[in-house]
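Trainee: Pasting a structure here, questions to come.
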Amino acid sequence: MLYLDSAATTPVRREALEAMWPYLTSEFGNPSSHHTVGERAAEALADARARVAKVLGVRAGDIVFTSGGTEADNLAVKGIALGSTHGRHLVTAATEHEAVLESVDYLRRLHGFEVSLVELKPDGIVTADALDAVIRPDTALVTLMYANNEIGTVQDLAVLGAVTRAHGAPFHTDAVQAAGWLDLRVSDLGVDALSLAGHKVGAPKGIGLAWLRGRVPVEPLVHGGGQERGRRSGTENVASAVGLATALELAERERADAVGRVRVLRDDFIARVLANVPGALMTGSAASRLANSASFCFPGTGGETVLLELERRGVVSSSGSACAAGSDAPSHVLTALGIPAEIAQTAVRFTFGTDLTQEDVDSAVTALTASVSAVSALG
């Protein structure tokens with residue numbers, strides 16, 4: 001089987017499993033317990049926090065471990081908005097992950113926030129002028145994702161962050177897909193909050209983090225024991241935090257090599273699909289996209305049917321966000337970019353791992369060409 005759905009999840013790295021094992025077995029303590037067993041767990045948690053913070057270039061105390069990217073997005077968006085004394089206005093884009101869009105909608109429905117959607121270019125890029133046009137004096141939060149999970153478009157956060165700072169508005173980014181492929185040092189990004197998920201970089205599912213700049217007020221969403229400096233109560237998942245720190249360090253260490261190598265193979269894949277599959281339409285930005293991402297629409301087919309044909313030929317990919325799997329609705333990302341619903345429903349996304357080879361690309365092109373042809377023949 002050729003697995004080309006790394007945006008959905010990645011396999012757990014052996015190094016992460018080995019680092020976690022003691023904290024799943026002999027070192028089982030609760031990090032809040034005031035005895036030697038608990039203190040050893042607390043030391044492991046503090047070490048994991050410091051290692052993650054080093055990758056991001058931030059203070060360890062501003063890292064909050066969560067159950068994953070969705071919770072991290074919820075904490076950042078709801079927590080900053082509800083903690084704000086600045087106003088009741090939010091800015092986001094229609095192409096954000098559901099975790100952000102539904103958090104924003106919750107704030108609108110139950111807390112009276114107003115929401116402005118920034119204008120997007122056809123490839124999903126947000127320009128500085130477009131963002132500047134929607135920020136207001138009462139904007140409590142701007143939230144825009146670093147790299148889109150469906151089309152791979154990457155935003156220039158440094159440019160957008162300069163706009164938000166000029167207005168004095170806090171800026172959050174969902175960086176879940178960026179980890180391992182893009183620079184995560186917040187000093188280079190100009191953001192005030194950032195969300196990550198461990199299972200995108202070889203850590204287990206069920207662990208993530210929110211980085212929340214210390215000076216930004218945050219209202220906690222989970223109350224109880226006051227863990228994570230009161231911003232996220234609940235006994236911490238020590239083993240998975242250790243796994244996340246290990247996997248993230250390795251991903252960052254290997255990033256430059258992986259990006260350079262996979263981008264070349266990705267470009268070859270895109271060029272050959274556009275040349276060999278009649279009617280194929282690439283979605284997202286050609287110039288500013290994740291090195292491991294290639295996404296297309298195949299008008300006249302059905303995306304799910306193409307996926308079934310691909311899997312029959314030994315290739316696994318997806319039609320878009322794994323969080324929306326099973327929905328009959330067209331991708332909200334593609335329709336937000338002006339792609340008609342009937343074409344959006346033909347979408348197929350390929351996201352590559354760091355172990356991608358030329359042979360994998362050759363196999364994927366052959367399988368995709370045959371799959372689209374077979375589906376098209378069905379009429």
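Going through the structure tokens in order, the chains are called A, B, and so on, while each chain numbers its residues from 1 and the ligands are numbered from 1 in the order shown.
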Taking 6 positions as the minimum chain separation for residues in the same chain, which residues sit within 9 Å of region 290-293 of chain A when counting only C-alpha atoms? Answer as a compact mmCIF listing (two decimals) with all heavy atoms, in the first residue's frame.
Mentor:
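That gives us result_20.txt:
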```
# COMPACT_ATOMS: atom_id res chain seq x y z
N SER A 6 -0.67 12.05 4.49
CA SER A 6 0.03 12.49 5.69
C SER A 6 -0.62 13.70 6.35
O SER A 6 -0.38 13.96 7.53
CB SER A 6 1.49 12.81 5.37
OG SER A 6 2.20 11.62 5.07
N ALA A 7 -1.43 14.45 5.61
CA ALA A 7 -2.13 15.58 6.23
C ALA A 7 -3.19 15.09 7.21
O ALA A 7 -3.57 15.82 8.13
CB ALA A 7 -2.79 16.46 5.16
N ALA A 147 -0.87 27.05 7.04
CA ALA A 147 -0.91 26.26 5.81
C ALA A 147 -2.22 25.49 5.78
O ALA A 147 -2.60 24.84 6.76
CB ALA A 147 0.27 25.29 5.75
N ASN A 148 -2.90 25.57 4.64
CA ASN A 148 -4.23 24.97 4.54
C ASN A 148 -4.14 23.45 4.45
O ASN A 148 -3.35 22.90 3.68
CB ASN A 148 -4.99 25.53 3.34
CG ASN A 148 -6.43 25.11 3.35
OD1 ASN A 148 -6.79 24.06 2.84
ND2 ASN A 148 -7.29 25.92 3.95
N ASN A 149 -4.98 22.77 5.20
CA ASN A 149 -4.95 21.31 5.27
C ASN A 149 -5.50 20.64 4.02
O ASN A 149 -5.19 19.47 3.76
CB ASN A 149 -5.71 20.82 6.49
CG ASN A 149 -7.15 21.33 6.53
OD1 ASN A 149 -7.38 22.53 6.43
ND2 ASN A 149 -8.10 20.43 6.67
N GLU A 150 -6.27 21.34 3.20
CA GLU A 150 -6.84 20.72 2.00
C GLU A 150 -6.07 21.07 0.74
O GLU A 150 -5.81 20.19 -0.09
CB GLU A 150 -8.31 21.13 1.84
CG GLU A 150 -9.21 20.56 2.92
CD GLU A 150 -10.68 20.72 2.59
OE1 GLU A 150 -11.03 20.75 1.40
OE2 GLU A 150 -11.48 20.83 3.54
N ILE A 151 -5.70 22.32 0.57
CA ILE A 151 -5.06 22.74 -0.68
C ILE A 151 -3.58 23.09 -0.52
O ILE A 151 -2.89 23.37 -1.49
CB ILE A 151 -5.80 23.93 -1.32
CG1 ILE A 151 -5.84 25.12 -0.37
CG2 ILE A 151 -7.21 23.51 -1.74
CD1 ILE A 151 -6.44 26.38 -0.98
N GLY A 152 -3.09 23.09 0.72
CA GLY A 152 -1.67 23.30 0.95
C GLY A 152 -1.18 24.73 0.85
O GLY A 152 0.01 25.00 1.03
N THR A 153 -2.05 25.69 0.58
CA THR A 153 -1.64 27.09 0.44
C THR A 153 -1.04 27.61 1.75
O THR A 153 -1.60 27.41 2.83
CB THR A 153 -2.83 27.96 0.03
OG1 THR A 153 -3.24 27.60 -1.29
CG2 THR A 153 -2.48 29.44 0.05
N VAL A 154 0.11 28.27 1.64
CA VAL A 154 0.83 28.80 2.80
C VAL A 154 0.69 30.31 2.83
O VAL A 154 0.90 30.99 1.83
CB VAL A 154 2.32 28.41 2.72
CG1 VAL A 154 3.11 29.05 3.86
CG2 VAL A 154 2.49 26.90 2.75
N GLN A 177 -0.69 21.87 10.07
CA GLN A 177 -0.10 21.27 8.88
C GLN A 177 1.31 21.77 8.61
O GLN A 177 2.06 21.17 7.83
CB GLN A 177 -0.98 21.55 7.66
CG GLN A 177 -2.34 20.88 7.70
CD GLN A 177 -2.26 19.36 7.71
OE1 GLN A 177 -1.29 18.76 7.24
NE2 GLN A 177 -3.28 18.72 8.25
N ALA A 178 1.70 22.84 9.25
CA ALA A 178 3.01 23.44 8.99
C ALA A 178 4.15 22.70 9.66
O ALA A 178 5.29 22.73 9.20
CB ALA A 178 3.01 24.90 9.44
N TRP A 181 7.38 21.08 8.11
CA TRP A 181 7.53 21.56 6.73
C TRP A 181 7.84 23.04 6.64
O TRP A 181 8.37 23.50 5.63
CB TRP A 181 6.25 21.25 5.94
CG TRP A 181 5.97 19.79 5.86
CD1 TRP A 181 5.03 19.09 6.59
CD2 TRP A 181 6.66 18.81 5.07
NE1 TRP A 181 5.09 17.76 6.28
CE2 TRP A 181 6.07 17.55 5.34
CE3 TRP A 181 7.70 18.89 4.14
CZ2 TRP A 181 6.51 16.38 4.73
CZ3 TRP A 181 8.13 17.72 3.53
CH2 TRP A 181 7.55 16.49 3.83
N LEU A 182 7.50 23.81 7.68
CA LEU A 182 7.71 25.26 7.66
C LEU A 182 8.35 25.71 8.97
O LEU A 182 8.28 25.02 9.99
CB LEU A 182 6.38 25.99 7.46
CG LEU A 182 5.64 25.75 6.14
CD1 LEU A 182 4.24 26.36 6.22
CD2 LEU A 182 6.41 26.30 4.97
N ALA A 258 14.15 17.31 4.21
CA ALA A 258 12.87 16.76 3.76
C ALA A 258 12.17 17.69 2.78
O ALA A 258 11.65 17.26 1.74
CB ALA A 258 11.96 16.48 4.96
N VAL A 259 12.15 18.98 3.09
CA VAL A 259 11.49 19.95 2.22
C VAL A 259 12.15 19.98 0.84
O VAL A 259 11.48 19.93 -0.19
CB VAL A 259 11.50 21.35 2.86
CG1 VAL A 259 11.10 22.42 1.84
CG2 VAL A 259 10.56 21.39 4.05
N GLY A 260 13.47 20.06 0.82
CA GLY A 260 14.17 20.13 -0.45
C GLY A 260 13.95 18.92 -1.32
O GLY A 260 13.75 19.02 -2.54
N ARG A 261 13.96 17.73 -0.71
CA ARG A 261 13.82 16.50 -1.47
C ARG A 261 12.38 16.24 -1.90
O ARG A 261 12.11 15.92 -3.06
CB ARG A 261 14.32 15.34 -0.60
CG ARG A 261 14.35 13.99 -1.27
CD ARG A 261 15.09 12.99 -0.41
NE ARG A 261 14.72 13.11 0.99
CZ ARG A 261 13.57 12.61 1.48
NH1 ARG A 261 12.72 11.97 0.70
NH2 ARG A 261 13.30 12.74 2.77
N VAL A 262 11.43 16.43 -0.97
CA VAL A 262 10.03 16.13 -1.28
C VAL A 262 9.45 17.15 -2.24
O VAL A 262 8.64 16.80 -3.11
CB VAL A 262 9.21 16.04 0.03
CG1 VAL A 262 7.71 15.90 -0.29
CG2 VAL A 262 9.68 14.87 0.88
N ARG A 263 9.86 18.41 -2.14
CA ARG A 263 9.33 19.42 -3.06
C ARG A 263 9.63 19.07 -4.51
O ARG A 263 8.77 19.24 -5.39
CB ARG A 263 9.90 20.80 -2.73
CG ARG A 263 9.38 21.89 -3.67
CD ARG A 263 10.07 23.20 -3.44
NE ARG A 263 9.63 23.84 -2.22
CZ ARG A 263 10.43 24.29 -1.28
NH1 ARG A 263 11.75 24.13 -1.39
NH2 ARG A 263 9.94 24.88 -0.20
N VAL A 264 10.82 18.59 -4.80
CA VAL A 264 11.18 18.21 -6.17
C VAL A 264 10.27 17.09 -6.66
O VAL A 264 9.75 17.13 -7.79
CB VAL A 264 12.66 17.77 -6.24
CG1 VAL A 264 12.98 17.17 -7.61
CG2 VAL A 264 13.58 18.95 -5.95
N LEU A 265 10.04 16.09 -5.82
CA LEU A 265 9.17 14.98 -6.20
C LEU A 265 7.72 15.44 -6.33
O LEU A 265 7.00 15.01 -7.24
CB LEU A 265 9.28 13.87 -5.16
CG LEU A 265 10.66 13.19 -5.06
CD1 LEU A 265 10.72 12.27 -3.85
CD2 LEU A 265 10.97 12.41 -6.32
N ARG A 266 7.29 16.33 -5.43
CA ARG A 266 5.93 16.89 -5.50
C ARG A 266 5.71 17.63 -6.81
O ARG A 266 4.67 17.48 -7.47
CB ARG A 266 5.72 17.80 -4.29
CG ARG A 266 4.30 18.34 -4.06
CD ARG A 266 3.95 19.60 -4.83
NE ARG A 266 4.98 20.59 -4.95
CZ ARG A 266 5.16 21.61 -4.11
NH1 ARG A 266 4.39 21.73 -3.05
NH2 ARG A 266 6.11 22.51 -4.34
N ASP A 267 6.69 18.45 -7.21
CA ASP A 267 6.56 19.20 -8.45
C ASP A 267 6.48 18.27 -9.66
O ASP A 267 5.73 18.52 -10.61
CB ASP A 267 7.74 20.17 -8.60
CG ASP A 267 7.66 21.35 -7.65
OD1 ASP A 267 6.58 21.57 -7.07
OD2 ASP A 267 8.68 22.04 -7.49
N ARG A 349 -6.93 14.91 -2.67
CA ARG A 349 -5.75 15.51 -2.05
C ARG A 349 -4.68 14.44 -1.84
O ARG A 349 -4.96 13.37 -1.31
CB ARG A 349 -6.13 16.11 -0.69
CG ARG A 349 -4.97 16.68 0.10
CD ARG A 349 -5.39 17.05 1.51
NE ARG A 349 -5.64 15.87 2.34
CZ ARG A 349 -5.98 15.93 3.64
NH1 ARG A 349 -6.15 17.10 4.21
NH2 ARG A 349 -6.18 14.82 4.34
N PHE A 350 -3.46 14.77 -2.24
CA PHE A 350 -2.32 13.90 -2.00
C PHE A 350 -1.35 14.65 -1.09
O PHE A 350 -0.90 15.75 -1.42
CB PHE A 350 -1.61 13.56 -3.31
CG PHE A 350 -2.48 12.83 -4.30
CD1 PHE A 350 -3.25 13.54 -5.21
CD2 PHE A 350 -2.54 11.45 -4.30
CE1 PHE A 350 -4.06 12.88 -6.12
CE2 PHE A 350 -3.35 10.77 -5.20
CZ PHE A 350 -4.11 11.49 -6.12
N THR A 351 -1.03 14.07 0.05
CA THR A 351 -0.07 14.67 0.97
C THR A 351 0.99 13.63 1.31
O THR A 351 0.67 12.55 1.80
CB THR A 351 -0.75 15.23 2.23
OG1 THR A 351 -1.68 14.28 2.74
CG2 THR A 351 -1.49 16.52 1.91
N PHE A 352 2.23 13.99 1.05
CA PHE A 352 3.32 13.03 1.08
C PHE A 352 4.06 13.04 2.41
O PHE A 352 4.14 14.07 3.09
CB PHE A 352 4.30 13.35 -0.05
CG PHE A 352 3.65 13.49 -1.40
CD1 PHE A 352 3.78 14.66 -2.13
CD2 PHE A 352 2.90 12.45 -1.92
CE1 PHE A 352 3.18 14.79 -3.37
CE2 PHE A 352 2.29 12.58 -3.16
CZ PHE A 352 2.42 13.75 -3.89
N GLY A 353 4.62 11.89 2.74
CA GLY A 353 5.48 11.78 3.90
C GLY A 353 6.92 12.10 3.55
O GLY A 353 7.29 12.23 2.38
N THR A 354 7.76 12.16 4.57
CA THR A 354 9.17 12.50 4.34
C THR A 354 9.94 11.37 3.67
O THR A 354 11.05 11.58 3.19
CB THR A 354 9.86 12.85 5.66
OG1 THR A 354 9.72 11.74 6.57
CG2 THR A 354 9.21 14.08 6.29
```
Trainee: Write out as a VMD selection string all residues of region 56-101 of chain A that backbone DSSP assigns to helix (DSSP H, G or I).
Mentor: chain A and resid 56 60 to 62 69 to 83 98 to 101
Trainee: Would you put the residues from that selection into a file with C-alpha atoms, as a PDB file, in the first residue's frame?
Mentor:
```pdb
ATOM      1  CA  LEU A  56       9.219  27.397  18.699  1.00  0.00           C
ATOM      2  CA  ALA A  60       8.347  27.176  28.207  1.00  0.00           C
ATOM      3  CA  GLY A  61       5.719  28.602  30.530  1.00  0.00           C
ATOM      4  CA  ASP A  62       3.645  29.786  27.580  1.00  0.00           C
ATOM      5  CA  GLY A  69      -4.983  20.412  17.356  1.00  0.00           C
ATOM      6  CA  THR A  70      -8.744  20.832  17.656  1.00  0.00           C
ATOM      7  CA  GLU A  71      -8.582  21.566  21.363  1.00  0.00           C
ATOM      8  CA  ALA A  72      -5.585  23.836  20.817  1.00  0.00           C
ATOM      9  CA  ASP A  73      -7.540  25.838  18.231  1.00  0.00           C
ATOM     10  CA  ASN A  74     -10.561  26.014  20.537  1.00  0.00           C
ATOM     11  CA  LEU A  75      -8.456  27.174  23.466  1.00  0.00           C
ATOM     12  CA  ALA A  76      -6.682  29.848  21.447  1.00  0.00           C
ATOM     13  CA  VAL A  77      -9.732  31.193  19.615  1.00  0.00           C
ATOM     14  CA  LYS A  78     -12.322  31.017  22.396  1.00  0.00           C
ATOM     15  CA  GLY A  79      -9.867  31.649  25.205  1.00  0.00           C
ATOM     16  CA  ILE A  80      -8.345  34.796  23.714  1.00  0.00           C
ATOM     17  CA  ALA A  81     -11.686  36.145  22.498  1.00  0.00           C
ATOM     18  CA  LEU A  82     -13.425  35.595  25.838  1.00  0.00           C
ATOM     19  CA  GLY A  83     -10.441  36.956  27.748  1.00  0.00           C
ATOM     20  CA  GLU A  98     -13.568  23.464  11.140  1.00  0.00           C
ATOM     21  CA  ALA A  99     -12.044  23.729  14.611  1.00  0.00           C
ATOM     22  CA  VAL A 100     -11.519  27.453  14.038  1.00  0.00           C
ATOM     23  CA  LEU A 101     -14.686  28.148  12.048  1.00  0.00           C
TER      24      LEU A 101
END
```
Trainee: For a quick check of understanding, using only C-alpha atoms, which of A:Thr335, A:Thr143, A:Thr92, A:Ser187 has the smallest distance to Lys54 (chain A)?
Mentor: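 The shortest atom-to-atom distance to Lys54 (chain A) comes from A:Ser187.
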Trainee: Between CA of Asp268 (chain A) and CA of Leu189 (chain A), what is the distance in Å, rounded to a tenth?
Mentor: 29.4 Å
Trainee: Find, counting only C-alpha atoms, the residue in A:Met145, A:Leu160, A:Val115, A:Val242 that gets nearest to Asp129 (chain A).
Mentor: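 Of A:Met145, A:Leu160, A:Val115, A:Val242, the one nearest Asp129 (chain A), counting only C-alpha atoms, is A:Leu160.
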